[in-house]
>>> print(open('upload.txt').read())   # compact mmCIF, C-alpha atoms
# COMPACT_ATOMS: atom_id res chain seq x y z
CA MET J 1 0.00 0.00 0.00
CA LYS J 2 2.81 2.38 0.92
CA ARG J 3 4.66 1.50 -2.31
CA LEU J 4 1.57 2.25 -4.33
CA ALA J 5 1.14 5.65 -2.69
CA LYS J 6 4.80 6.45 -3.36
CA ALA J 7 4.48 5.46 -7.01
CA LEU J 8 1.34 7.56 -7.35
CA ILE J 9 3.02 10.63 -5.90
CA LEU J 10 6.00 10.13 -8.21
CA LEU J 11 3.70 9.80 -11.22
CA ILE J 12 1.86 13.02 -10.38
CA ALA J 13 5.15 14.84 -9.90
CA VAL J 14 6.42 13.64 -13.29
CA ILE J 15 3.18 14.75 -15.00
CA ILE J 16 3.34 18.21 -13.43
CA VAL J 17 7.01 18.73 -14.27
CA SER J 18 6.66 17.48 -17.83
CA GLY J 19 3.58 19.67 -18.19
CA PHE J 20 5.63 22.74 -17.34
CA VAL J 21 8.44 21.66 -19.68
CA LEU J 22 6.02 21.03 -22.56
CA MET J 23 4.30 24.36 -21.96
CA ASP J 24 7.65 26.11 -22.27
CA VAL J 25 8.51 24.26 -25.46
CA PHE J 26 5.14 24.32 -27.23
CA GLY J 27 3.15 26.99 -25.45
CA LYS J 28 3.60 30.72 -25.49
CA PRO J 29 6.54 31.56 -23.23
CA GLU J 30 5.51 34.40 -20.93
CA ALA J 31 8.78 36.27 -20.96
CA PRO J 32 10.91 35.02 -23.84
CA VAL J 33 14.64 35.65 -23.84
CA GLN J 34 15.46 38.37 -26.35
CA PRO J 35 18.61 38.56 -28.49
CA VAL J 36 19.51 41.83 -26.76
CA GLU J 37 18.46 42.42 -23.14
CA TYR J 38 16.57 45.60 -23.89
CA SER J 39 14.98 47.13 -20.80
CA HIS J 40 11.77 49.09 -21.31
CA TRP J 41 12.00 50.44 -17.77
CA GLN J 42 15.35 52.08 -18.46
CA HIS J 43 14.06 53.81 -21.58
CA VAL J 44 10.54 54.71 -20.48
CA THR J 45 10.21 55.04 -16.71
CA LYS J 46 13.67 55.56 -15.17
CA GLU J 47 14.00 58.99 -13.54
CA ASP J 48 17.15 60.15 -15.31
CA GLY J 49 16.50 58.05 -18.44
CA PRO J 50 15.39 59.34 -21.82
CA ARG J 51 11.69 58.76 -20.90
CA LEU J 52 10.64 57.83 -24.41
CA GLU J 53 7.06 57.76 -25.66
CA CYS J 54 5.84 54.33 -26.87
CA THR J 55 5.39 55.67 -30.39
CA PHE J 56 8.98 56.94 -30.51
CA CYS J 57 10.06 53.37 -31.26
CA HIS J 58 6.75 51.68 -32.17
CA GLU J 59 6.12 54.45 -34.61
CA HIS J 60 3.38 52.86 -36.72
CA ALA J 61 1.06 52.00 -33.82
CA ASP J 62 -1.22 54.97 -34.51
CA LYS J 63 -0.88 54.75 -38.28
CA SER J 64 -1.33 51.13 -39.26
CA ALA J 65 -2.43 47.68 -38.26
CA HIS J 66 0.94 46.87 -36.73
CA ALA J 67 2.76 48.73 -33.98
CA THR J 68 6.08 47.57 -35.51
CA ILE J 69 9.41 46.99 -33.81
CA PRO J 70 11.92 49.67 -34.73
CA ASN J 71 14.80 49.22 -37.11
CA ILE J 72 18.09 48.91 -35.27
CA SER J 73 19.13 52.23 -36.79
CA THR J 74 16.63 53.87 -34.41
CA CYS J 75 18.56 52.40 -31.46
CA MET J 76 21.84 53.54 -32.96
CA LEU J 77 20.63 57.14 -33.17
CA CYS J 78 21.52 57.40 -29.49
CA HIS J 79 23.70 54.37 -28.86
CA GLU J 80 26.31 55.43 -31.39
CA SER J 81 27.60 57.60 -28.54
CA ILE J 82 25.63 56.76 -25.37
CA GLN J 83 26.38 53.84 -23.01
CA THR J 84 28.82 52.31 -25.48
CA GLU J 85 30.65 50.52 -22.67
CA SER J 86 27.61 48.36 -21.83
CA ALA J 87 27.83 44.75 -22.98
CA GLU J 88 24.28 44.75 -24.34
CA VAL J 89 24.85 47.94 -26.32
CA GLN J 90 28.00 46.41 -27.75
CA LYS J 91 25.87 43.44 -28.85
CA LEU J 92 23.56 45.93 -30.50
CA ALA J 93 26.42 47.72 -32.22
CA ALA J 94 27.72 44.38 -33.50
CA PHE J 95 24.32 43.71 -35.10
CA ALA J 96 24.38 47.17 -36.65
CA SER J 97 27.90 46.80 -38.03
CA ARG J 98 26.93 43.48 -39.62
CA GLY J 99 23.89 45.19 -41.11
CA GLU J 100 21.57 42.71 -39.36
CA GLN J 101 18.43 43.06 -37.31
CA PRO J 102 18.17 41.18 -34.01
CA ALA J 103 15.57 38.40 -34.20
CA TRP J 104 13.26 39.79 -31.51
CA VAL J 105 10.92 37.23 -30.04
CA ARG J 106 7.21 37.98 -30.12
CA VAL J 107 5.43 38.38 -26.80
CA TYR J 108 1.84 39.10 -27.86
CA TRP J 109 0.18 37.51 -30.87
CA PHE J 110 -2.88 35.67 -32.10
CA GLU J 111 -2.52 32.20 -33.53
CA ARG J 112 -3.23 31.97 -37.22
CA GLU J 113 -6.03 29.50 -36.45
CA ALA J 114 -7.85 32.26 -34.60
CA ASN J 115 -8.48 33.98 -37.95
CA ALA J 116 -8.44 37.25 -36.05
CA TYR J 117 -7.23 40.44 -37.67
CA PHE J 118 -6.33 42.99 -35.05
CA THR J 119 -5.48 46.53 -36.12
CA HIS J 120 -3.74 48.97 -33.80
CA LYS J 121 -4.82 52.22 -35.44
CA PRO J 122 -8.55 52.29 -34.61
CA HIS J 123 -7.85 51.24 -31.01
CA ILE J 124 -5.38 54.06 -30.45
CA ARG J 125 -7.72 56.52 -32.17
CA ALA J 126 -10.43 55.42 -29.74
CA GLY J 127 -8.16 56.37 -26.86
CA VAL J 128 -7.20 52.91 -25.64
CA SER J 129 -3.88 53.23 -23.88
CA CYS J 130 -1.03 50.86 -24.71
CA GLN J 131 -1.01 49.60 -21.11
CA GLU J 132 -4.64 48.44 -21.23
CA CYS J 133 -3.74 45.63 -23.62
CA HIS J 134 -0.04 45.14 -23.00
CA GLY J 135 0.31 45.65 -19.26
CA ASP J 136 2.74 48.04 -17.64
CA ILE J 137 5.56 47.39 -20.10
CA GLY J 138 7.28 50.59 -19.02
CA SER J 139 8.14 49.11 -15.63
CA MET J 140 9.48 45.82 -16.99
CA GLN J 141 13.10 44.90 -17.54
CA ARG J 142 12.35 42.03 -19.86
CA VAL J 143 8.91 42.16 -21.48
CA ARG J 144 6.49 39.76 -19.90
CA ARG J 145 3.02 38.89 -21.17
CA GLU J 146 0.78 40.23 -18.41
CA VAL J 147 -2.58 40.40 -20.16
CA ASN J 148 -4.36 37.30 -21.32
CA GLN J 149 -5.67 38.47 -24.67
CA SER J 150 -8.50 36.01 -25.03
CA MET J 151 -11.54 36.52 -27.20
CA SER J 152 -13.80 37.05 -24.19
CA TRP J 153 -11.42 39.77 -23.02
CA CYS J 154 -11.76 41.52 -26.42
CA ILE J 155 -15.54 41.16 -26.35
CA ASP J 156 -15.87 42.49 -22.79
CA CYS J 157 -14.02 45.69 -23.69
CA HIS J 158 -15.99 46.14 -26.92
CA ALA J 159 -19.25 45.73 -25.01
CA GLN J 160 -18.17 48.18 -22.30
CA LYS J 161 -17.18 50.81 -24.83
CA ASN J 162 -20.26 50.27 -26.97
CA VAL J 163 -18.29 49.05 -29.97
CA SER J 164 -19.73 46.53 -32.38
CA ASN J 165 -19.17 42.90 -31.44
CA ASP J 166 -19.99 41.68 -34.92
CA CYS J 167 -17.81 38.66 -35.83
CA TYR J 168 -16.73 40.36 -39.07
CA VAL J 169 -15.17 43.24 -37.11
CA CYS J 170 -12.21 41.02 -36.20
CA HIS J 171 -12.61 37.74 -38.06
CA ARG J 172 -12.50 37.52 -41.85
CA MET D 173 -26.83 64.29 -42.79
CA SER D 174 -25.80 63.13 -39.33
CA GLU D 175 -28.31 60.31 -39.49
CA THR D 176 -26.82 58.84 -42.66
CA ALA D 177 -23.33 59.27 -41.23
CA ASN D 178 -24.21 57.25 -38.12
CA GLN D 179 -26.01 54.56 -40.04
CA LYS D 180 -23.96 51.57 -41.11
CA PRO D 181 -23.39 51.42 -44.86
CA GLN D 182 -25.44 48.79 -46.67
CA TRP D 183 -23.23 47.11 -49.21
CA ALA D 184 -24.56 46.05 -52.58
CA MET D 185 -23.28 45.20 -56.02
CA VAL D 186 -24.61 45.98 -59.47
CA ILE D 187 -23.55 43.92 -62.48
CA ASP D 188 -24.32 45.18 -65.98
CA LEU D 189 -24.82 42.02 -68.04
CA ASP D 190 -24.91 43.99 -71.31
CA ARG D 191 -21.31 44.94 -70.65
CA CYS D 192 -20.00 41.57 -69.45
CA THR D 193 -17.84 39.82 -72.05
CA GLY D 194 -17.30 36.69 -69.98
CA CYS D 195 -13.53 37.18 -69.82
CA GLU D 196 -13.33 35.73 -66.27
CA ALA D 197 -10.86 38.35 -65.05
CA CYS D 198 -13.09 38.67 -61.97
CA VAL D 199 -12.79 34.95 -61.31
CA VAL D 200 -8.99 35.11 -61.37
CA ALA D 201 -8.84 38.31 -59.31
CA CYS D 202 -11.12 36.76 -56.69
CA LYS D 203 -8.98 33.64 -56.40
CA VAL D 204 -5.82 35.67 -55.89
CA GLU D 205 -7.35 38.15 -53.46
CA ASN D 206 -9.08 35.63 -51.25
CA ASN D 207 -6.51 32.82 -51.03
CA ILE D 208 -8.59 30.33 -52.97
CA PRO D 209 -6.48 27.39 -54.13
CA SER D 210 -6.65 26.51 -57.82
CA SER D 211 -6.80 22.78 -57.90
CA GLU D 212 -8.23 20.22 -60.26
CA GLU D 213 -8.80 17.86 -57.37
CA GLY D 214 -12.43 16.86 -57.20
CA SER D 215 -13.53 19.42 -59.77
CA SER D 216 -15.31 16.77 -61.84
CA ARG D 217 -17.48 16.11 -58.79
CA GLY D 218 -18.20 19.79 -58.22
CA ARG D 219 -15.80 20.13 -55.33
CA SER D 220 -13.63 22.96 -56.63
CA ILE D 221 -14.04 26.37 -55.07
CA ASN D 222 -15.01 29.47 -57.04
CA TRP D 223 -16.49 32.31 -55.06
CA ILE D 224 -17.50 33.86 -58.37
CA ARG D 225 -18.23 32.02 -61.59
CA ILE D 226 -19.38 33.00 -65.08
CA GLU D 227 -22.47 31.23 -66.31
CA ARG D 228 -22.98 30.94 -70.07
CA TYR D 229 -26.31 30.90 -71.82
CA PHE D 230 -26.73 30.22 -75.54
CA GLU D 231 -29.69 31.73 -77.33
CA GLY D 232 -30.94 30.96 -80.83
CA GLU D 233 -30.10 28.30 -83.42
CA PHE D 234 -26.79 27.98 -85.28
CA PRO D 235 -25.60 30.06 -87.11
CA ASP D 236 -27.64 32.75 -85.45
CA VAL D 237 -26.39 32.18 -81.91
CA ARG D 238 -25.92 34.66 -79.12
CA VAL D 239 -24.02 33.95 -75.92
CA LYS D 240 -24.98 35.63 -72.71
CA PHE D 241 -22.79 35.70 -69.64
CA ARG D 242 -23.79 36.08 -66.04
CA PRO D 243 -21.24 36.38 -63.23
CA VAL D 244 -22.71 34.64 -60.19
CA LEU D 245 -21.37 35.23 -56.70
CA CYS D 246 -22.89 35.18 -53.23
CA GLN D 247 -25.98 37.36 -53.51
CA HIS D 248 -25.76 38.44 -49.86
CA CYS D 249 -29.53 37.94 -49.62
CA GLU D 250 -31.36 40.05 -47.08
CA GLU D 251 -33.50 36.99 -46.37
CA ALA D 252 -30.71 34.46 -46.80
CA PRO D 253 -31.89 30.84 -46.94
CA CYS D 254 -28.47 29.65 -45.75
CA GLU D 255 -28.66 31.42 -42.40
CA PRO D 256 -31.57 29.82 -40.53
CA VAL D 257 -30.42 26.28 -41.33
CA CYS D 258 -27.02 26.61 -39.68
CA PRO D 259 -27.12 24.74 -36.36
CA VAL D 260 -24.07 26.52 -34.92
CA TYR D 261 -24.73 30.12 -36.01
CA ALA D 262 -21.62 30.07 -38.21
CA THR D 263 -23.42 32.05 -40.88
CA TYR D 264 -25.35 35.15 -39.97
CA HIS D 265 -26.19 38.60 -41.23
CA THR D 266 -24.02 41.56 -40.28
CA GLU D 267 -25.27 45.07 -39.58
CA GLU D 268 -23.90 46.07 -42.96
CA GLY D 269 -26.08 43.62 -44.83
CA LEU D 270 -23.33 41.10 -45.46
CA ASN D 271 -23.93 37.41 -45.26
CA ALA D 272 -21.01 36.41 -43.08
CA GLN D 273 -19.36 33.06 -42.63
CA VAL D 274 -17.43 32.44 -39.41
CA TYR D 275 -14.89 29.74 -40.19
CA ASN D 276 -14.03 28.96 -36.58
CA ARG D 277 -17.63 28.21 -35.76
CA CYS D 278 -18.37 26.09 -38.81
CA VAL D 279 -18.63 22.38 -38.14
CA GLY D 280 -19.25 21.46 -41.77
CA THR D 281 -22.81 20.22 -41.82
CA ARG D 282 -23.17 21.70 -45.33
CA TYR D 283 -26.85 22.47 -44.71
CA CYS D 284 -26.24 26.05 -45.86
CA ALA D 285 -24.82 25.01 -49.23
CA ASN D 286 -27.75 22.67 -49.79
CA ASN D 287 -30.20 25.42 -48.98
CA CYS D 288 -28.56 28.02 -51.22
CA PRO D 289 -30.50 28.48 -54.47
CA TYR D 290 -27.51 30.12 -56.14
CA SER D 291 -24.91 27.39 -55.40
CA VAL D 292 -22.36 29.89 -54.21
CA ARG D 293 -21.29 28.22 -50.98
CA PHE D 294 -18.32 25.91 -51.09
CA PHE D 295 -17.17 23.21 -48.77
CA ASN D 296 -13.48 22.54 -48.22
CA PHE D 297 -13.26 18.88 -49.12
CA PHE D 298 -9.47 19.11 -49.33
CA ALA D 299 -6.70 20.81 -47.39
CA PRO D 300 -5.74 23.98 -49.22
CA HIS D 301 -2.53 23.70 -51.18
CA TRP D 302 -0.53 26.05 -53.38
CA ASP D 303 2.34 24.98 -55.61
CA ALA D 304 5.50 27.06 -55.24
CA PRO D 305 5.85 29.96 -55.85
CA LEU D 306 2.10 30.62 -55.47
CA ASP D 307 2.35 29.94 -51.73
CA LYS D 308 4.36 33.13 -51.46
CA ALA D 309 1.56 35.17 -53.03
CA LEU D 310 -1.09 34.58 -50.37
CA ASN D 311 -3.01 37.57 -49.09
CA PRO D 312 -2.02 38.07 -45.43
CA GLU D 313 -5.30 39.84 -44.67
CA VAL D 314 -7.49 36.87 -45.49
CA SER D 315 -7.81 33.66 -43.47
CA ILE D 316 -6.74 30.39 -44.99
CA ARG D 317 -9.68 28.05 -44.61
CA THR D 318 -9.02 24.51 -43.50
CA THR D 319 -10.61 21.23 -44.43
CA GLY D 320 -14.17 20.78 -43.27
CA VAL D 321 -15.44 24.34 -43.26
CA MET D 322 -17.71 26.26 -45.59
CA GLU D 323 -16.58 29.34 -47.41
CA LYS D 324 -18.08 31.90 -49.74
CA CYS D 325 -17.78 35.38 -51.17
CA THR D 326 -17.34 38.02 -48.46
CA PHE D 327 -17.68 41.04 -50.77
CA CYS D 328 -13.94 41.37 -49.97
CA ILE D 329 -14.49 42.21 -46.30
CA GLN D 330 -10.79 43.10 -45.92
CA ARG D 331 -11.19 45.84 -48.52
CA ILE D 332 -14.45 47.01 -46.96
CA ARG D 333 -12.71 47.43 -43.60
CA LYS D 334 -9.90 49.35 -45.24
CA GLY D 335 -12.31 51.63 -47.08
CA GLU D 336 -14.32 52.30 -43.94
CA GLU D 337 -11.17 53.11 -42.03
CA LYS D 338 -10.11 55.57 -44.71
CA ALA D 339 -13.50 57.28 -44.57
CA ARG D 340 -13.27 57.46 -40.78
CA ASP D 341 -9.80 59.02 -41.02
CA GLU D 342 -11.19 61.72 -43.26
CA ASN D 343 -14.18 62.09 -40.94
CA ARG D 344 -16.84 61.49 -43.55
CA ALA D 345 -19.31 58.81 -44.62
CA VAL D 346 -18.19 56.17 -47.10
CA ARG D 347 -18.64 57.13 -50.71
CA ASP D 348 -18.24 55.52 -54.12
CA GLY D 349 -14.70 54.39 -54.76
CA ASP D 350 -13.77 53.81 -51.13
CA VAL D 351 -14.41 50.11 -51.39
CA VAL D 352 -13.54 48.23 -54.56
CA PRO D 353 -13.76 44.44 -54.28
CA ALA D 354 -11.26 42.44 -56.34
CA CYS D 355 -13.79 41.41 -58.99
CA VAL D 356 -15.06 44.95 -59.46
CA GLY D 357 -11.56 46.37 -59.73
CA SER D 358 -10.50 43.80 -62.28
CA CYS D 359 -13.44 44.15 -64.67
CA PRO D 360 -12.05 45.50 -67.97
CA THR D 361 -15.47 46.61 -69.25
CA ARG D 362 -16.47 48.10 -65.91
CA ALA D 363 -19.57 45.99 -65.80
CA MET D 364 -19.52 45.79 -62.00
CA TYR D 365 -20.28 48.45 -59.41
CA PHE D 366 -20.04 48.28 -55.67
CA GLY D 367 -21.21 50.68 -53.01
CA ASN D 368 -23.58 51.73 -50.29
CA ILE D 369 -27.18 51.17 -51.39
CA ALA D 370 -28.52 53.03 -48.34
CA ASP D 371 -27.05 56.24 -49.77
CA PRO D 372 -29.51 57.45 -52.45
CA GLU D 373 -26.73 59.37 -54.19
CA SER D 374 -24.44 56.37 -54.72
CA GLU D 375 -23.89 54.75 -58.10
CA VAL D 376 -25.33 51.37 -57.04
CA SER D 377 -28.37 53.08 -55.60
CA ARG D 378 -28.96 55.00 -58.82
CA LEU D 379 -28.45 51.91 -61.00
CA SER D 380 -30.67 49.73 -58.81
CA ARG D 381 -33.57 52.05 -59.64
CA SER D 382 -32.97 51.59 -63.38
CA ASN D 383 -35.71 49.86 -65.36
CA ARG D 384 -33.06 47.37 -66.53
CA ALA D 385 -32.55 46.16 -62.97
CA GLU D 386 -33.51 42.68 -61.87
CA ARG D 387 -32.45 40.29 -59.16
CA LEU D 388 -31.68 36.62 -59.52
CA PHE D 389 -34.57 34.29 -58.53
CA GLU D 390 -36.45 37.27 -57.18
CA ASP D 391 -39.60 35.20 -56.75
CA LEU D 392 -37.93 33.13 -54.03
CA GLY D 393 -38.12 36.13 -51.72
CA THR D 394 -34.45 36.06 -50.84
CA LYS D 395 -34.00 39.79 -51.53
CA PRO D 396 -30.52 39.58 -53.05
CA ARG D 397 -28.06 42.45 -52.62
CA VAL D 398 -26.61 41.78 -56.09
CA ILE D 399 -28.54 43.53 -58.82
CA TYR D 400 -28.21 42.56 -62.45
CA LEU D 401 -28.81 45.05 -65.26
CA SER D 402 -29.85 43.75 -68.64
CA LYS D 403 -31.93 44.77 -71.61
CA GLN D 404 -35.54 43.97 -70.80
CA ASP D 405 -37.57 42.59 -73.71
>>> encode(input="upload.txt", output="structure tokens")
Amino acid sequence: MKRLAKALILLIAVIIVSGFVLMDVFGKPEAPVQPVEYSHWQHVTKEDGPRLECTFCHEHADKSAHATIPNISTCMLCHESIQTESAEVQKLAAFASRGEQPAWVRVYWFEREANAYFTHKPHIRAGVSCQECHGDIGSMQRVRREVNQSMSWCIDCHAQKNVSNDCYVCHR
Amino acid sequence: MSETANQKPQWAMVIDLDRCTGCEACVVACKVENNIPSSEEGSSRGRSINWIRIERYFEGEFPDVRVKFRPVLCQHCEEAPCEPVCPVYATYHTEEGLNAQVYNRCVGTRYCANNCPYSVRFFNFFAPHWDAPLDKALNPEVSIRTTGVMEKCTFCIQRIRKGEEKARDENRAVRDGDVVPACVGSCPTRAMYFGNIADPESEVSRLSRSNRAERLFEDLGTKPRVIYLSKQD
């Protein structure tokens, strides 16, 4: 009887651990490791930092469907001369000198199977702040997915703000 | 003015059959725009997908023969027979008068296709496939439908959304030319018109009042949103 209980506990432990491992491999990692350890906090919130606006880097957020990640040349505008002794900035400069873009890892996205077509522009026009959908990115070192962007979450906000919840608004 | 601006546009199409030459440019444009695979597989059994097709009618005896063409696409009926038969509410009517198909909801009963008098609903019997390099030419703004779901003409919903957004940017109601579906844009004889039928000033609205106007299978009471113009005898 004792052996059986032991085996059962071991089995449950294995299932839980493998579940976490599989989630990391196949699921959406919550805070993926980025090719350069860019800190949003340092650029957005830090007292003596540059205190950038979101749209300084994500410049198409209010103009198009995609917020877009900036070209590395935007980073080099400042980092040509600022903080050049930092290891991460040197990584950045190496990318720039090779003429490459770092392969940033996505944090927020919809699966293709969702057939959902989100567009940034109308949301920003309607006065939705970046933080409402993306969490307080400005206080994060490495970006972490804080908001669970499920369909019910979309629908709740649309209903609250009296926006159409017609399927064809998002799905095509 | 403010009332028409707040009202949702009601989309409709007008097709001038006296201008149609049956060139099938619309058919090709539709396939490219809406990620419809071109495959011979199952076509002999009526399983190929064409959101728009050209029907041919021959009139008279040889050598005095006339051919008439009629492009047939989803008629976006106001009283659509496909809608009430869907058990999972995968097809429904939008506020803009579009007959919508929600792929994620569809379970593939095919009741809707069987209840459609125009035969414009298509079931995905096969997984979609494009030979290289056509797989690089897919439209990123349109879903790729998988096996087992129904699909049909959407009046190019992606272009409608874009046109509406443009109108909103300029702070005005939609007008002619804002939305041009792929078939309409490709027509070399300009036989097709698309616009807001709720606006009495629009081209489709004006043409729909023409005495050449008729709707397909009007007696069924489906109230199609596609209006055909042809010489009335």
>>> interface_residues(input="upload.txt", of="chain D", to="chain J", cutoff="10 Å", atoms="only C-alpha atoms", output="PyMOL selection string")
chain D and resi 262+264-268+270-276+312-318+326+328-330+333+337+340-341
>>> residues_near_point(input="upload.txt", point="(11.9, 53.3, -32.7)", cutoff="12 Å", atoms="all atoms listed in the file", output="list in words")
His43, Leu52, Glu53, Cys54, Thr55, Phe56, Cys57, His58, Glu59, His60, Ala61, Ala67, Thr68, Ile69, Pro70, Asn71, Ile72, Ser73, Thr74, Cys75, Met76, Leu77 and Cys78 of chain J
>>> closest_residue(input="upload.txt", among="D:Met322, D:Cys254, D:Ala309, D:Val186", to="Trp223 (chain D)", atoms="all atoms listed in the file")
D:Met322
>>> residues_around(input="upload.txt", residues="Asp136 (chain J)", least_positions_apart="2", cutoff="12 Å", atoms="all atoms listed in the file", output="number ranges by chain")
J: 40-41, 44-45, 54, 129-134, 138-147
